[in-house]
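Reading through the structure tokens given below for one structure.
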Amino acid sequence: VPLLVLVFAQWLIYDALAGAVDILFAAVVLLYSLGPRDLDSQVGELAEAEAAEDRTRIESISAELLVEQADGSTRGLAESVLASALRRVFAVLFWFSVLGPLGALAYRLTRETRRLADEQTRPGLKPATEYLLFLLDWIPARMLAGLFTLAGCYESAVERWRNCEAGNNADAGADLVACAGSGALQLADDVSAENEPDAITARAAMGLVWRALVIFVALLGLSTVSGWLL
């Protein structure tokens, strides 16, 4: 229903004020789809809390950032940032570039539906949303993993990518991104939520994500310019 409302709203405002309203509407939908919180701001808050030696705040922010894997274990802080970058940033941008506001909102709603299905234990809804999320993550995950090889240590990233044991579940894309990203950062294989000492690797992971996004935007810009020239 929300996607039908979005399509109807786009139809109503199509070409209004020479397309300015349509652009503003698309920007609002994109910003909403990137939510619920800004990943970079969370990592920055964690760094500030660590500098202030505020253990309570560090634990609170770390709990927000840490991501559970399909087997119930918790990823390390840096790997959680990398996995979150796929779901909360890159996949949204990818589907926005392909399908516009409809693609961005569809991905965000799929992710939120999966979360609600987990919380409310909806047996019929959970498998469907997990399979859809697996399909929606398939291309963006591999693109982001490839961008990580360009933005970090290429050899290590490719090796971790090849040896990654990503399954066919909803978290397969996040697993692949975490493997390639940790290799690009040359993180130790045994980094986990229990033994990771501070937020240094989390900041390094966020830096890797930003470099990958810059490369993605540059490639997208080049393809657009090439289309105009041709």
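Simple scheme: letters A, B, ... for chains in structure tokens order, numbers from 1 for residues in each chain, numbers from 1 for ligands in the order shown.
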
I need the alpha helix (DSSP H) residues of stretch 142-181 of chain A per DSSP on the backbone, written as a ChimeraX atom specification. /A:142-151,154-163,172-181

Kindly save the residues from that selection, with N, CA, C and O atoms included, as a CSV table (one decimal), in the first residue's frame.
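Contents of result-v8.csv, freshly written:
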chain,number,residue,atom,x,y,z
A,142,ARG,N,27.4,-7.5,-3.7
A,142,ARG,CA,28.6,-7.8,-4.6
A,142,ARG,C,29.2,-6.5,-5.1
A,142,ARG,O,30.5,-6.4,-5.3
A,143,MET,N,28.4,-5.5,-5.4
A,143,MET,CA,29.0,-4.2,-5.8
A,143,MET,C,29.7,-3.6,-4.7
A,143,MET,O,30.9,-3.1,-4.9
A,144,LEU,N,29.2,-3.6,-3.5
A,144,LEU,CA,29.9,-2.9,-2.4
A,144,LEU,C,31.1,-3.7,-2.0
A,144,LEU,O,32.2,-3.1,-1.7
A,145,ALA,N,31.1,-5.0,-2.1
A,145,ALA,CA,32.3,-5.8,-1.8
A,145,ALA,C,33.4,-5.5,-2.9
A,145,ALA,O,34.6,-5.3,-2.5
A,146,GLY,N,33.0,-5.3,-4.1
A,146,GLY,CA,33.9,-4.9,-5.2
A,146,GLY,C,34.5,-3.5,-4.9
A,146,GLY,O,35.7,-3.3,-5.1
A,147,LEU,N,33.7,-2.6,-4.5
A,147,LEU,CA,34.1,-1.3,-4.2
A,147,LEU,C,35.1,-1.3,-3.0
A,147,LEU,O,36.1,-0.5,-3.0
A,148,PHE,N,34.9,-2.2,-2.0
A,148,PHE,CA,35.8,-2.3,-0.9
A,148,PHE,C,37.2,-2.7,-1.4
A,148,PHE,O,38.2,-2.3,-0.8
A,149,THR,N,37.2,-3.6,-2.4
A,149,THR,CA,38.5,-4.0,-2.9
A,149,THR,C,39.3,-2.9,-3.5
A,149,THR,O,40.5,-2.9,-3.5
A,150,LEU,N,38.6,-1.9,-4.1
A,150,LEU,CA,39.2,-0.7,-4.7
A,150,LEU,C,39.6,0.3,-3.6
A,150,LEU,O,40.5,1.1,-3.8
A,151,ALA,N,38.8,0.4,-2.6
A,151,ALA,CA,39.0,1.4,-1.5
A,151,ALA,C,39.9,1.0,-0.4
A,151,ALA,O,40.3,1.8,0.4
A,154,TYR,N,43.5,-4.5,-1.7
A,154,TYR,CA,42.9,-5.3,-2.8
A,154,TYR,C,43.1,-6.8,-2.5
A,154,TYR,O,42.2,-7.6,-2.5
A,155,GLU,N,44.4,-7.2,-2.3
A,155,GLU,CA,44.7,-8.6,-2.2
A,155,GLU,C,44.0,-9.3,-1.0
A,155,GLU,O,43.4,-10.3,-1.2
A,156,SER,N,44.0,-8.6,0.1
A,156,SER,CA,43.4,-9.2,1.3
A,156,SER,C,41.9,-9.2,1.2
A,156,SER,O,41.2,-10.2,1.6
A,157,ALA,N,41.3,-8.2,0.5
A,157,ALA,CA,39.8,-8.1,0.4
A,157,ALA,C,39.4,-9.3,-0.6
A,157,ALA,O,38.4,-10.0,-0.3
A,158,VAL,N,40.1,-9.5,-1.7
A,158,VAL,CA,39.7,-10.5,-2.6
A,158,VAL,C,39.9,-11.9,-2.0
A,158,VAL,O,39.0,-12.8,-2.2
A,159,GLU,N,40.9,-12.1,-1.2
A,159,GLU,CA,41.1,-13.4,-0.5
A,159,GLU,C,40.0,-13.7,0.4
A,159,GLU,O,39.5,-14.8,0.5
A,160,ARG,N,39.6,-12.7,1.3
A,160,ARG,CA,38.5,-12.9,2.2
A,160,ARG,C,37.2,-13.1,1.5
A,160,ARG,O,36.4,-13.9,1.9
A,161,TRP,N,37.0,-12.4,0.4
A,161,TRP,CA,35.8,-12.6,-0.4
A,161,TRP,C,35.7,-14.0,-0.9
A,161,TRP,O,34.6,-14.6,-0.8
A,162,ARG,N,36.8,-14.5,-1.5
A,162,ARG,CA,36.8,-15.9,-2.0
A,162,ARG,C,36.5,-16.9,-1.0
A,162,ARG,O,35.9,-17.9,-1.2
A,163,ASN,N,37.0,-16.7,0.2
A,163,ASN,CA,36.9,-17.7,1.3
A,163,ASN,C,35.7,-17.5,2.2
A,163,ASN,O,35.5,-18.2,3.2
A,172,ALA,N,23.1,-13.3,3.9
A,172,ALA,CA,24.2,-13.7,3.0
A,172,ALA,C,24.9,-12.4,2.4
A,172,ALA,O,26.1,-12.4,2.3
A,173,GLY,N,24.2,-11.4,2.0
A,173,GLY,CA,24.8,-10.2,1.5
A,173,GLY,C,25.6,-9.5,2.5
A,173,GLY,O,26.7,-9.0,2.2
A,174,ALA,N,25.1,-9.4,3.7
A,174,ALA,CA,25.8,-8.7,4.8
A,174,ALA,C,27.1,-9.5,5.2
A,174,ALA,O,28.1,-8.9,5.4
A,175,ASP,N,27.0,-10.9,5.1
A,175,ASP,CA,28.2,-11.7,5.4
A,175,ASP,C,29.3,-11.4,4.3
A,175,ASP,O,30.4,-11.3,4.7
A,176,LEU,N,28.9,-11.4,3.1
A,176,LEU,CA,29.8,-11.1,2.0
A,176,LEU,C,30.5,-9.8,2.1
A,176,LEU,O,31.7,-9.7,2.0
A,177,VAL,N,29.7,-8.8,2.4
A,177,VAL,CA,30.2,-7.4,2.6
A,177,VAL,C,31.2,-7.3,3.8
A,177,VAL,O,32.3,-6.7,3.7
A,178,ALA,N,30.8,-8.0,4.9
A,178,ALA,CA,31.7,-8.0,6.1
A,178,ALA,C,33.0,-8.7,5.8
A,178,ALA,O,34.0,-8.3,6.3
A,179,CYS,N,33.0,-9.8,5.0
A,179,CYS,CA,34.2,-10.5,4.7
A,179,CYS,C,35.1,-9.6,3.9
A,179,CYS,O,36.3,-9.5,4.2
A,180,ALA,N,34.6,-9.1,2.8
A,180,ALA,CA,35.4,-8.3,1.9
A,180,ALA,C,35.9,-7.0,2.6
A,180,ALA,O,37.0,-6.6,2.4
A,181,GLY,N,35.0,-6.4,3.4
A,181,GLY,CA,35.4,-5.2,4.1
A,181,GLY,C,36.5,-5.4,5.1
A,181,GLY,O,37.4,-4.6,5.3

List the neighbours of stretch 83-98 of chain A out to 7 Å using only C-alpha atoms; skip same-chain residues closer than 6 positions along the sequence, and give me the result as a PyMOL selection string. chain A and resi 33-35+104+107+137+140-141+174+177-178+209

For a quick check of understanding, using only C-alpha atoms, which of A:Ser62, A:Ser182, A:Asp15, A:Ile23 has the smallest distance to A:Cys164?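 Going through A:Ser62, A:Ser182, A:Asp15, A:Ile23 one by one, the smallest distance to A:Cys164 is for A:Ser182.
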
Residues within 12 Å of A:Leu65, only C-alpha atoms, excluding chain neighbours under 6 positions, as a compact mmCIF listing (two decimals) with N, CA, C and O atoms, in the first residue's frame:
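Contents of selection-v4.txt, freshly written:
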# COMPACT_ATOMS: atom_id res chain seq x y z
N ARG A 37 18.59 5.87 11.65
CA ARG A 37 19.63 6.74 12.19
C ARG A 37 20.80 6.81 11.23
O ARG A 37 21.01 5.90 10.42
N ASP A 38 21.56 7.88 11.32
CA ASP A 38 22.71 8.06 10.46
C ASP A 38 23.88 7.24 11.00
O ASP A 38 24.32 7.45 12.15
N LEU A 39 24.38 6.32 10.20
CA LEU A 39 25.45 5.42 10.63
C LEU A 39 26.72 6.19 10.96
O LEU A 39 27.38 5.90 11.97
N ASP A 40 27.07 7.15 10.14
CA ASP A 40 28.28 7.92 10.37
C ASP A 40 28.20 8.69 11.69
O ASP A 40 29.19 8.79 12.43
N SER A 41 27.03 9.24 12.00
CA SER A 41 26.86 9.96 13.26
C SER A 41 27.00 9.04 14.47
O SER A 41 27.60 9.42 15.48
N GLN A 42 26.49 7.83 14.35
CA GLN A 42 26.62 6.87 15.45
C GLN A 42 28.08 6.52 15.71
O GLN A 42 28.51 6.45 16.87
N VAL A 43 28.84 6.29 14.63
CA VAL A 43 30.26 5.98 14.79
C VAL A 43 30.99 7.19 15.38
O VAL A 43 31.88 7.04 16.24
N GLY A 44 30.62 8.40 14.96
CA GLY A 44 31.22 9.60 15.52
C GLY A 44 30.91 9.76 17.00
O GLY A 44 31.78 10.14 17.80
N GLU A 45 29.68 9.45 17.39
CA GLU A 45 29.30 9.52 18.81
C GLU A 45 30.08 8.50 19.62
O GLU A 45 30.46 8.77 20.77
N LEU A 46 30.31 7.33 19.03
CA LEU A 46 31.09 6.31 19.73
C LEU A 46 32.52 6.78 19.95
O LEU A 46 33.09 6.58 21.03
N ILE A 58 29.48 4.40 25.78
CA ILE A 58 30.14 3.51 24.83
C ILE A 58 29.35 2.22 24.68
O ILE A 58 29.10 1.74 23.56
N GLU A 59 28.94 1.63 25.80
CA GLU A 59 28.19 0.38 25.76
C GLU A 59 26.84 0.57 25.09
O GLU A 59 26.37 -0.29 24.34
N THR A 74 27.03 -12.47 17.53
CA THR A 74 27.12 -11.04 17.25
C THR A 74 28.40 -10.72 16.51
O THR A 74 29.48 -11.20 16.85
N ARG A 75 28.29 -9.92 15.48
CA ARG A 75 29.47 -9.50 14.72
C ARG A 75 30.33 -8.57 15.56
O ARG A 75 29.85 -7.95 16.51
N GLY A 76 31.61 -8.45 15.19
CA GLY A 76 32.46 -7.45 15.80
C GLY A 76 31.99 -6.06 15.41
O GLY A 76 31.18 -5.88 14.49
N LEU A 77 32.49 -5.05 16.10
CA LEU A 77 32.03 -3.69 15.88
C LEU A 77 32.30 -3.22 14.45
O LEU A 77 31.43 -2.66 13.79
N ALA A 78 33.51 -3.47 13.96
CA ALA A 78 33.85 -3.04 12.59
C ALA A 78 33.01 -3.78 11.56
O ALA A 78 32.49 -3.17 10.62
N GLU A 79 32.84 -5.09 11.72
CA GLU A 79 32.03 -5.86 10.78
C GLU A 79 30.57 -5.45 10.84
O GLU A 79 29.86 -5.48 9.83
N SER A 80 30.10 -5.05 12.01
CA SER A 80 28.73 -4.57 12.13
C SER A 80 28.54 -3.27 11.36
O SER A 80 27.50 -3.07 10.72
N VAL A 81 29.54 -2.39 11.42
CA VAL A 81 29.47 -1.14 10.66
C VAL A 81 29.44 -1.44 9.16
O VAL A 81 28.65 -0.85 8.41
N LEU A 82 30.26 -2.38 8.72
CA LEU A 82 30.30 -2.75 7.31
C LEU A 82 28.98 -3.36 6.85
O LEU A 82 28.46 -3.02 5.78
N ALA A 83 28.44 -4.27 7.66
CA ALA A 83 27.17 -4.89 7.31
C ALA A 83 26.03 -3.87 7.31
O ALA A 83 25.15 -3.90 6.43
N SER A 84 26.05 -2.97 8.28
CA SER A 84 25.02 -1.93 8.35
C SER A 84 25.11 -0.97 7.17
O SER A 84 24.10 -0.44 6.72
N ALA A 85 26.33 -0.76 6.68
CA ALA A 85 26.51 0.13 5.54
C ALA A 85 25.78 -0.40 4.31
O ALA A 85 25.27 0.37 3.50
N ARG A 88 21.74 -0.07 5.41
CA ARG A 88 21.23 1.25 5.76
C ARG A 88 21.66 2.35 4.79
O ARG A 88 21.09 3.44 4.81
N ALA A 193 32.82 -9.22 18.85
CA ALA A 193 32.25 -8.23 19.75
C ALA A 193 32.86 -8.33 21.14
O ALA A 193 32.90 -7.35 21.89
N ALA A 199 36.94 1.71 19.54
CA ALA A 199 36.20 2.14 18.35
C ALA A 199 37.11 2.49 17.19
O ALA A 199 36.64 3.00 16.18
N ALA A 202 36.11 0.63 14.14
CA ALA A 202 34.80 1.11 13.68
C ALA A 202 34.95 2.38 12.85
O ALA A 202 34.31 2.54 11.81
N MET A 206 34.13 2.86 8.86
CA MET A 206 33.31 3.93 8.31
C MET A 206 34.07 4.71 7.26
O MET A 206 33.50 5.14 6.25

Which of these, A:Ala27, A:Ala170, A:Leu3, A:Ala106, has the shortest distance to A:Glu130 once you count only C-alpha atoms?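 Of all the options, A:Ala170 lies closest to A:Glu130.
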